[in-house]
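**Student:** One structure coming up, written as structure tokens, with questions to follow.
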Amino acid sequence: MSNLPTRKAWHDHYDRGRDFTPLAGDEKVVLQRHLPLAEEGHDARALDVACGTGEVARLLAAAGYRVDAVDWADAALDRAEAMEAGAVSYHRLDVTGGDLASLGPEGGGYRVITMRRALAHLPDRTRTVAELASLLDPDGVLCVITPHADRHPAKLRGICLDDTEIDLLRGGWEHAERVEAGESTALLLRGPKRGAVAYGEKRTPTPAAMAGVAVVVTNSRGQLLLGWNNARTMWELPAGKVEPSEPFQVTAVRELEEESGLIALAGAVVLLGTLCDATVGGFTRVTEVARITDFTGEPTVREPDLSRWEWHNLADLRSLPQPLFTASAQAVNVVWPGLLPDVPAAHHTPRPAGDLPLTFGEPPSARRLREQLVRDLTEAGWTDGPELQQAFEAVPRHAFLPEQPLLRAYANEAVATVFDEATGRSMSSVSQPEMQALMLREAALGPGDRVLEIGGGGYNACLAAELIGPTGMVVCVEIDPYVHARTVRFLAETGYADRVRLVLGDGTHGAPGALVPTAGFDAIMVTVAANDVPVAWREQLAEGGRLVMPLRLGGFTRAVGLRKQAGLLYSAGISSCGFVPMQGDGRWDETPDPIGESGYGIRWEDSMPSPLDGLDRALTVAGTDVWTGVTVVENESFEDLQLRLATSLPGFCRLTGDREQAGPIRLLKSMDLMAMVSGGSLACVAAERLEQDEHGGTPRWEFRVQGFGPDGKSAADTMAGAVRAWDRNLRGRATPALTILPADTPDRSLPAGDVIEKRTVRIVTSWPARDGVTGEGVGQDTAGEGGTAR
């Protein structure tokens, strides 16, 4: 390439008074002899490309042509225009990226196009020559003059073309005349070829990769077909190499029949993408993953290396007693992401989802367990209507938990599917069925409703799809790429892909604008714990719509049902729950503020942080104990006490720390302690088991408040009084009403109650005993992060 590759460099070259190599005598002879004006060419047009200071353009003008001359160096054109050449029009234009066609004569083309000593400088020579060819009139000629590589020293190779490159230029023309002109070669090109493109092959390459298809086949019971390979002593999928020019679908069908005798149609094969990894021998292994659920026949052994075919339950694959072929394991994890742990990595290029549906298969025991789950939920009061019962009966929960045994998949408990590698904390799960029933019931979904789900692994979205029917719409926004990919596959496997619109994105911002109904969503269901009520959720919810979400209040998560009225949100009920935390912009920091070197820390949650100076020294001195006289029995919930203190007690916080340390405060293993900080003093409350109940009767716990610091006794008394007031006025009889307003709402516009300040909203909690507000719970208390005596 040229040593002057940039526009500025060429400009500076000419601006310093330097010029292009002047026309040699031999070059002038070529131009004068081969580019004469025809007798009728009195109005002939010519184009000089990369004209520099215009020497060739002026020669063409002297021969009688009306000339357009183009260059991209301003200094060159300035000098060219300063010379007398009335028949030349100069244009500032980048040959490689400018619009050359805009210069073409109206109603025809150029009789002559010249390019002298410029082609070697251009990066896209073939394209540029083709564009110039399109500007010629039918009898026109393109004249390319280039320094020849054999006639110049090696250091000037960047401005030259050799014979091979010159011959490439000649190949695209009906008539190509080559004329030698001293140190240069001139090509006179006429009649660009317009025939079909030709194709060729390189020499036989050294084998470096192997391509095949792995066939993932399941039967009507949802079981996976694996063959035992005697030679490899491992299980493997039906698979084989791709024949030349053979479509992957055809390979899948052929190999399945050749190896197992099963017959399938190529039109029933769903391709899920390509895996690429390295084999032991150093080859690149390219595996197309083919999914088949419709076939005929029974598996039979047809290959000498295979001794038998067996159908395997998916959940059992994690504990196969014999090895599984790596490429087969990788293909299985494409179909059911996360089914097999610690599979050697392979790059997966997924294919766009097609319209071809799969046939879902499941064992009879799955339907039996699903029906039993519905009976259990109904008896406990969670599924109180036929529509909800039918939804739970229809959606196969185990399909969204393929790595779990069926008994676990249909247990009334949450099942974690993704864990934080650093902390081991659950980051995604399939929620507890009773909690899903509670939230679906509160969402009051009906036929034709438009629903937005924030977070989720697909199961809850399918339940919603069953409730709203084919005329409704479910949009599910998931932030985790792995969970998103997993959900995409499970929706396809179960037949819900066309009923649930899955979006990869941060649910804090709601649904993409194009998916938001004109009037808003009839219901928004949030299946991750949120510390705020983002603007997008409030704006995308229709007037009168329902927002059901796990909302953190004072550090305790509660399932809250809300209705939108006149742009504000009002609670329809509250219940305890436990959900994984939001990620993305809705994430919050639970890092506690340490109390010196004491090993304890404070989580402020919704309270304004107070100074903790001196509290570590206060904890080294015996504190004050205040026994409240308020007791709870074993397994009795006191979540409403947590919520009452968190929403109404000034300086409320949660006390945490090392559960194993010996100190003045005994921390519970399962939860932080309710606490308050006031005036440099600390009070905290815990339920202590009464010793006199150790040997008989129902075990009981009494709430004890400990106080530390100069005002520890006063703080303990305040907290104990709040516990007694709860016992006297609220216990088991009331929950607060919530009103959620924008963060800029002035105090004078707030209803009566205690205010929790969030980033985007102000939440007013109004308790019936004090404010005369009637409250109803969303449902019974559920096992979550709330307090329970045990």
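FYI, nothing fancy with the structure tokens labels: chains A, B, ... in order, residues from 1 per chain, ligands from 1 as they appear.
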Which residues are near A:Glu403? Cut-off 8 Å, only C-alpha atoms, ignore same chain within fewer than 4 positions. Put them as a list of chain:residue names.

**Tutor:**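 Once the nearby chain positions are removed, what remains is A:Leu314, A:Ala315, A:Asp316, A:Arg318, A:Gly338, A:Leu339, A:Leu340.
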
**Student:** Give me the stretch 567-623 of chain A side of the contact with stretch 424-446 of chain A, cut-off 8 Å, one line per residue showing its nearest atom pair and distance in Å at one decimal, counting only C-alpha atoms, sorted by chain and residue number, as CSV.

**Tutor:**
residue,atom,partner,partner_atom,distance
A:Cys577,CA,A:Met435,CA,7.4
A:Phe579,CA,A:Ser431,CA,7.6
A:Val580,CA,A:Met427,CA,5.6
A:Pro581,CA,A:Met427,CA,7.0

**Student:** Given the selection you just returned, output its residues as a file containing all heavy atoms, formatted as a short mmCIF file (atom, residue, chain, number, x, y, z; two decimals), in the first residue's frame.

**Tutor:**
data_model
loop_
_atom_site.label_atom_id
_atom_site.label_comp_id
_atom_site.auth_asym_id
_atom_site.auth_seq_id
_atom_site.Cartn_x
_atom_site.Cartn_y
_atom_site.Cartn_z
N CYS A 577 -43.61 -13.56 52.55
CA CYS A 577 -43.13 -14.38 51.44
C CYS A 577 -41.61 -14.34 51.44
O CYS A 577 -40.98 -13.59 52.19
CB CYS A 577 -43.67 -13.87 50.11
SG CYS A 577 -43.10 -12.20 49.69
N PHE A 579 -38.53 -14.32 48.34
CA PHE A 579 -38.18 -14.34 46.92
C PHE A 579 -36.72 -13.97 46.75
O PHE A 579 -36.14 -13.25 47.58
CB PHE A 579 -39.05 -13.34 46.13
CG PHE A 579 -40.42 -13.85 45.81
CD1 PHE A 579 -41.46 -13.76 46.74
CD2 PHE A 579 -40.70 -14.42 44.58
CE1 PHE A 579 -42.72 -14.22 46.45
CE2 PHE A 579 -41.97 -14.88 44.27
CZ PHE A 579 -42.98 -14.79 45.21
N VAL A 580 -36.13 -14.40 45.64
CA VAL A 580 -34.76 -14.01 45.34
C VAL A 580 -34.75 -12.52 45.02
O VAL A 580 -35.74 -11.96 44.56
CB VAL A 580 -34.19 -14.82 44.15
CG1 VAL A 580 -34.15 -16.29 44.49
CG2 VAL A 580 -35.00 -14.58 42.88
N PRO A 581 -33.63 -11.82 45.25
CA PRO A 581 -33.59 -10.37 45.07
C PRO A 581 -33.48 -9.98 43.60
O PRO A 581 -33.00 -10.74 42.76
CB PRO A 581 -32.33 -9.96 45.83
CG PRO A 581 -31.44 -11.16 45.75
CD PRO A 581 -32.36 -12.35 45.80
#

**Student:** Atom CA of A:Ile166 and atom CA of A:His148, how far apart in Å?

**Tutor:**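 Interatomic distance, atom CA of A:His148 to atom CA of A:Ile166: 9.0 Å.
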
**Student:** Per residue of stretch 394-434 of chain A within 9 Å of stretch 481-486 of chain A, which atom pair is closest and at what distance in Å (one decimal), using only C-alpha atoms, listed by chain and increasing number, as CSV?

**Tutor:**
residue,atom,partner,partner_atom,distance
A:Phe400,CA,A:Arg486,CA,8.6
A:Thr417,CA,A:Val483,CA,8.7
A:Val418,CA,A:Val483,CA,8.0
A:Ser428,CA,A:Val483,CA,7.7

**Student:** Would you mind exporting the chosen residues as a PDB file, in the first residue's frame, restricted to N, CA, C and O atoms?

**Tutor:**
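Final output, saved to result-v9.pdb:
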ATOM      1  N   PHE A 400     -39.965 -27.489  33.905  1.00  0.00           N
ATOM      2  CA  PHE A 400     -39.164 -26.308  34.196  1.00  0.00           C
ATOM      3  C   PHE A 400     -38.116 -26.601  35.276  1.00  0.00           C
ATOM      4  O   PHE A 400     -37.346 -25.723  35.648  1.00  0.00           O
ATOM      5  N   THR A 417     -32.646 -22.619  41.222  1.00  0.00           N
ATOM      6  CA  THR A 417     -32.061 -23.111  39.973  1.00  0.00           C
ATOM      7  C   THR A 417     -30.739 -22.437  39.633  1.00  0.00           C
ATOM      8  O   THR A 417     -29.965 -22.965  38.842  1.00  0.00           O
ATOM      9  N   VAL A 418     -30.469 -21.259  40.199  1.00  0.00           N
ATOM     10  CA  VAL A 418     -29.220 -20.534  39.951  1.00  0.00           C
ATOM     11  C   VAL A 418     -28.707 -20.015  41.281  1.00  0.00           C
ATOM     12  O   VAL A 418     -29.478 -19.467  42.084  1.00  0.00           O
ATOM     13  N   SER A 428     -32.008 -17.386  41.398  1.00  0.00           N
ATOM     14  CA  SER A 428     -33.197 -17.640  40.587  1.00  0.00           C
ATOM     15  C   SER A 428     -33.807 -18.949  41.068  1.00  0.00           C
ATOM     16  O   SER A 428     -33.081 -19.869  41.480  1.00  0.00           O
TER      17      SER A 428
END

**Student:** Using only C-alpha atoms, what does the table of stretch 510-548 of chain A residues within 10 Å of stretch 748-758 of chain A look like, with each row giving the shortest atom pair and its distance in Å to one decimal, sorted by chain and ascending number, as JSON lines?

**Tutor:**
{"residue": "A:Asn531", "atom": "CA", "partner": "A:Lys758", "partner_atom": "CA", "distance": 7.7}
{"residue": "A:Asp532", "atom": "CA", "partner": "A:Lys758", "partner_atom": "CA", "distance": 6.0}
{"residue": "A:Val533", "atom": "CA", "partner": "A:Lys758", "partner_atom": "CA", "distance": 8.3}
{"residue": "A:Pro534", "atom": "CA", "partner": "A:Lys758", "partner_atom": "CA", "distance": 9.8}

**Student:** Step one, run DSSP on the backbone; step two, keep only residues of stretch 375-414 of chain A assigned to alpha helix (DSSP H); then write them as a PDB file with C-alpha atoms, in the first residue's frame.

**Tutor:**
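In the end it all went to result-v1.pdb:
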ATOM      1  CA  ARG A 375     -55.642 -31.254  45.668  1.00  0.00           C
ATOM      2  CA  ASP A 376     -53.204 -30.194  48.376  1.00  0.00           C
ATOM      3  CA  LEU A 377     -53.313 -26.547  47.308  1.00  0.00           C
ATOM      4  CA  THR A 378     -57.100 -26.604  47.135  1.00  0.00           C
ATOM      5  CA  GLU A 379     -57.495 -28.205  50.561  1.00  0.00           C
ATOM      6  CA  PRO A 386     -61.744 -24.018  39.063  1.00  0.00           C
ATOM      7  CA  GLU A 387     -59.767 -21.790  36.675  1.00  0.00           C
ATOM      8  CA  LEU A 388     -56.729 -21.719  38.958  1.00  0.00           C
ATOM      9  CA  GLN A 389     -56.998 -25.432  39.645  1.00  0.00           C
ATOM     10  CA  GLN A 390     -57.141 -26.195  35.934  1.00  0.00           C
ATOM     11  CA  ALA A 391     -54.082 -24.014  35.291  1.00  0.00           C
ATOM     12  CA  PHE A 392     -52.005 -25.936  37.837  1.00  0.00           C
ATOM     13  CA  GLU A 393     -53.246 -29.211  36.386  1.00  0.00           C
ATOM     14  CA  ALA A 394     -52.329 -28.164  32.841  1.00  0.00           C
ATOM     15  CA  LEU A 406     -40.536 -35.677  40.060  1.00  0.00           C
ATOM     16  CA  LEU A 407     -41.318 -35.789  43.789  1.00  0.00           C
ATOM     17  CA  ARG A 408     -39.216 -32.682  44.338  1.00  0.00           C
ATOM     18  CA  ALA A 409     -40.592 -30.937  41.279  1.00  0.00           C
TER      19      ALA A 409
END

**Student:** Tell me which of A:Val474, A:Ala149, A:Leu100, A:Val144 sits closest to A:Val56, counting only C-alpha atoms.

**Tutor:**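 Result for the nearest residue to A:Val56: A:Val144.
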
**Student:** I'd like the contact shell of stretch 107-119 of chain A - 7 Å cut-off, only C-alpha atoms, skipping same-chain residues fewer than 6 positions apart - returned as a PyMOL selection string.

**Tutor:** chain A and resi 44-50+125+135-137+139-147

**Student:** Got a sec: who's within 12 Å of stretch 302-309 of chain A, counting only C-alpha atoms, leaving out chain neighbours fewer than 3 positions off, as a CSV table (one decimal) with N, CA, C and O atoms, in the first residue's frame?

**Tutor:**
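And here's out.csv as it stands now:
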chain,number,residue,atom,x,y,z
A,217,VAL,N,-33.6,-37.4,21.2
A,217,VAL,CA,-34.9,-37.9,20.9
A,217,VAL,C,-35.6,-38.3,22.3
A,217,VAL,O,-34.9,-38.9,23.2
A,224,LEU,N,-35.3,-39.8,27.5
A,224,LEU,CA,-34.2,-39.6,26.5
A,224,LEU,C,-33.6,-40.9,26.0
A,224,LEU,O,-33.3,-41.8,26.8
A,225,LEU,N,-33.4,-41.0,24.7
A,225,LEU,CA,-32.8,-42.2,24.1
A,225,LEU,C,-31.3,-42.1,24.2
A,225,LEU,O,-30.7,-41.1,23.6
A,226,LEU,N,-30.6,-43.1,24.8
A,226,LEU,CA,-29.2,-43.2,24.8
A,226,LEU,C,-28.8,-44.6,24.4
A,226,LEU,O,-29.4,-45.6,24.8
A,227,GLY,N,-27.7,-44.7,23.7
A,227,GLY,CA,-27.1,-46.0,23.4
A,227,GLY,C,-25.8,-46.3,24.1
A,227,GLY,O,-25.0,-45.4,24.4
A,228,TRP,N,-25.6,-47.6,24.5
A,228,TRP,CA,-24.4,-48.0,25.1
A,228,TRP,C,-23.3,-48.4,24.1
A,228,TRP,O,-23.5,-49.3,23.3
A,229,ASN,N,-22.2,-47.6,24.1
A,229,ASN,CA,-21.2,-47.9,23.1
A,229,ASN,C,-20.1,-48.8,23.7
A,229,ASN,O,-19.4,-48.4,24.6
A,230,ASN,N,-20.0,-50.0,23.2
A,230,ASN,CA,-19.1,-51.0,23.8
A,230,ASN,C,-17.6,-50.5,23.6
A,230,ASN,O,-16.8,-50.7,24.4
A,231,ALA,N,-17.4,-49.9,22.4
A,231,ALA,CA,-16.0,-49.5,22.1
A,231,ALA,C,-15.5,-48.4,23.0
A,231,ALA,O,-14.4,-48.4,23.5
A,232,ARG,N,-16.4,-47.4,23.2
A,232,ARG,CA,-16.0,-46.3,24.0
A,232,ARG,C,-16.3,-46.5,25.5
A,232,ARG,O,-15.9,-45.7,26.3
A,233,THR,N,-17.1,-47.5,25.8
A,233,THR,CA,-17.6,-47.8,27.2
A,233,THR,C,-18.3,-46.6,27.8
A,233,THR,O,-17.9,-46.1,28.9
A,234,MET,N,-19.2,-46.0,27.1
A,234,MET,CA,-20.0,-44.9,27.5
A,234,MET,C,-21.3,-44.8,26.8
A,234,MET,O,-21.5,-45.4,25.8
A,235,TRP,N,-22.2,-44.0,27.4
A,235,TRP,CA,-23.5,-43.7,26.8
A,235,TRP,C,-23.3,-42.6,25.8
A,235,TRP,O,-22.5,-41.7,25.9
A,236,GLU,N,-24.2,-42.6,24.7
A,236,GLU,CA,-24.1,-41.6,23.7
A,236,GLU,C,-25.5,-41.4,23.0
A,236,GLU,O,-26.3,-42.4,23.0
A,237,LEU,N,-25.7,-40.3,22.4
A,237,LEU,CA,-26.9,-40.0,21.6
A,237,LEU,C,-26.7,-40.6,20.3
A,237,LEU,O,-25.6,-40.9,19.8
A,238,PRO,N,-27.8,-40.8,19.6
A,238,PRO,CA,-27.7,-41.1,18.1
A,238,PRO,C,-27.0,-40.0,17.4
A,238,PRO,O,-27.4,-38.8,17.7
A,239,ALA,N,-26.0,-40.2,16.6
A,239,ALA,CA,-25.2,-39.1,16.0
A,239,ALA,C,-24.4,-39.7,14.9
A,239,ALA,O,-24.2,-40.9,14.8
A,240,GLY,N,-23.9,-38.8,14.1
A,240,GLY,CA,-23.1,-39.2,13.0
A,240,GLY,C,-22.6,-38.0,12.1
A,240,GLY,O,-23.1,-36.9,12.3
A,255,GLU,N,-29.1,-40.8,10.4
A,255,GLU,CA,-28.3,-41.4,11.4
A,255,GLU,C,-29.2,-42.1,12.5
A,255,GLU,O,-28.9,-43.1,13.0
A,256,LEU,N,-30.4,-41.5,12.7
A,256,LEU,CA,-31.3,-42.1,13.7
A,256,LEU,C,-31.8,-43.4,13.2
A,256,LEU,O,-31.8,-44.4,14.0
A,257,GLU,N,-32.1,-43.5,11.9
A,257,GLU,CA,-32.6,-44.8,11.4
A,257,GLU,C,-31.4,-45.8,11.3
A,257,GLU,O,-31.6,-46.9,11.6
A,258,GLU,N,-30.3,-45.3,10.8
A,258,GLU,CA,-29.1,-46.3,10.6
A,258,GLU,C,-28.7,-46.8,12.0
A,258,GLU,O,-28.3,-48.0,12.0
A,259,GLU,N,-28.8,-46.1,13.0
A,259,GLU,CA,-28.2,-46.5,14.3
A,259,GLU,C,-29.3,-47.2,15.2
A,259,GLU,O,-29.0,-48.1,15.9
A,260,SER,N,-30.6,-46.7,15.1
A,260,SER,CA,-31.6,-47.2,16.1
A,260,SER,C,-32.8,-47.8,15.4
A,260,SER,O,-33.6,-48.4,16.1
A,261,GLY,N,-33.0,-47.6,14.1
A,261,GLY,CA,-34.2,-48.1,13.5
A,261,GLY,C,-35.4,-47.2,13.6
A,261,GLY,O,-36.4,-47.5,13.0
A,262,LEU,N,-35.3,-46.1,14.3
A,262,LEU,CA,-36.4,-45.2,14.5
A,262,LEU,C,-36.6,-44.4,13.2
A,262,LEU,O,-35.6,-43.9,12.6
A,298,GLU,N,-39.5,-48.9,17.3
A,298,GLU,CA,-38.8,-49.2,18.6
A,298,GLU,C,-37.3,-49.3,18.4
A,298,GLU,O,-36.9,-49.8,17.3
A,299,PRO,N,-36.6,-48.8,19.3
A,299,PRO,CA,-35.1,-48.8,19.1
A,299,PRO,C,-34.5,-50.2,19.0
A,299,PRO,O,-34.9,-51.1,19.8
A,312,HIS,N,-34.0,-43.1,29.1
A,312,HIS,CA,-33.6,-42.6,30.5
A,312,HIS,C,-34.4,-41.4,30.9
A,312,HIS,O,-34.8,-40.5,30.2

**Student:** Where does stretch 494-587 of chain A meet stretch 605-610 of chain A within 8 Å, residue by residue, with the nearest atom pair and distance in Å to one decimal for each, counting only C-alpha atoms, listed by chain and rising number, as a tab-separated table?

**Tutor:**
residue	atom	partner	partner_atom	distance
A:Leu553	CA	A:Asp606	CA	7.2
A:Gly554	CA	A:Asp606	CA	5.2
A:Gly555	CA	A:Glu605	CA	5.4

**Student:** Go ahead and save the residues from that selection, with N, CA, C and O atoms, as a PDB file, in the first residue's frame.

**Tutor:**
ATOM      1  N   LEU A 553     -40.177  -4.023  52.946  1.00  0.00           N
ATOM      2  CA  LEU A 553     -40.575  -2.946  53.842  1.00  0.00           C
ATOM      3  C   LEU A 553     -39.759  -3.085  55.113  1.00  0.00           C
ATOM      4  O   LEU A 553     -39.925  -4.049  55.867  1.00  0.00           O
ATOM      5  N   GLY A 554     -38.842  -2.150  55.335  1.00  0.00           N
ATOM      6  CA  GLY A 554     -37.994  -2.233  56.515  1.00  0.00           C
ATOM      7  C   GLY A 554     -37.087  -3.446  56.517  1.00  0.00           C
ATOM      8  O   GLY A 554     -36.618  -3.862  57.576  1.00  0.00           O
ATOM      9  N   GLY A 555     -36.829  -4.014  55.338  1.00  0.00           N
ATOM     10  CA  GLY A 555     -35.950  -5.174  55.252  1.00  0.00           C
ATOM     11  C   GLY A 555     -36.687  -6.492  55.276  1.00  0.00           C
ATOM     12  O   GLY A 555     -36.058  -7.543  55.163  1.00  0.00           O
TER      13      GLY A 555
END
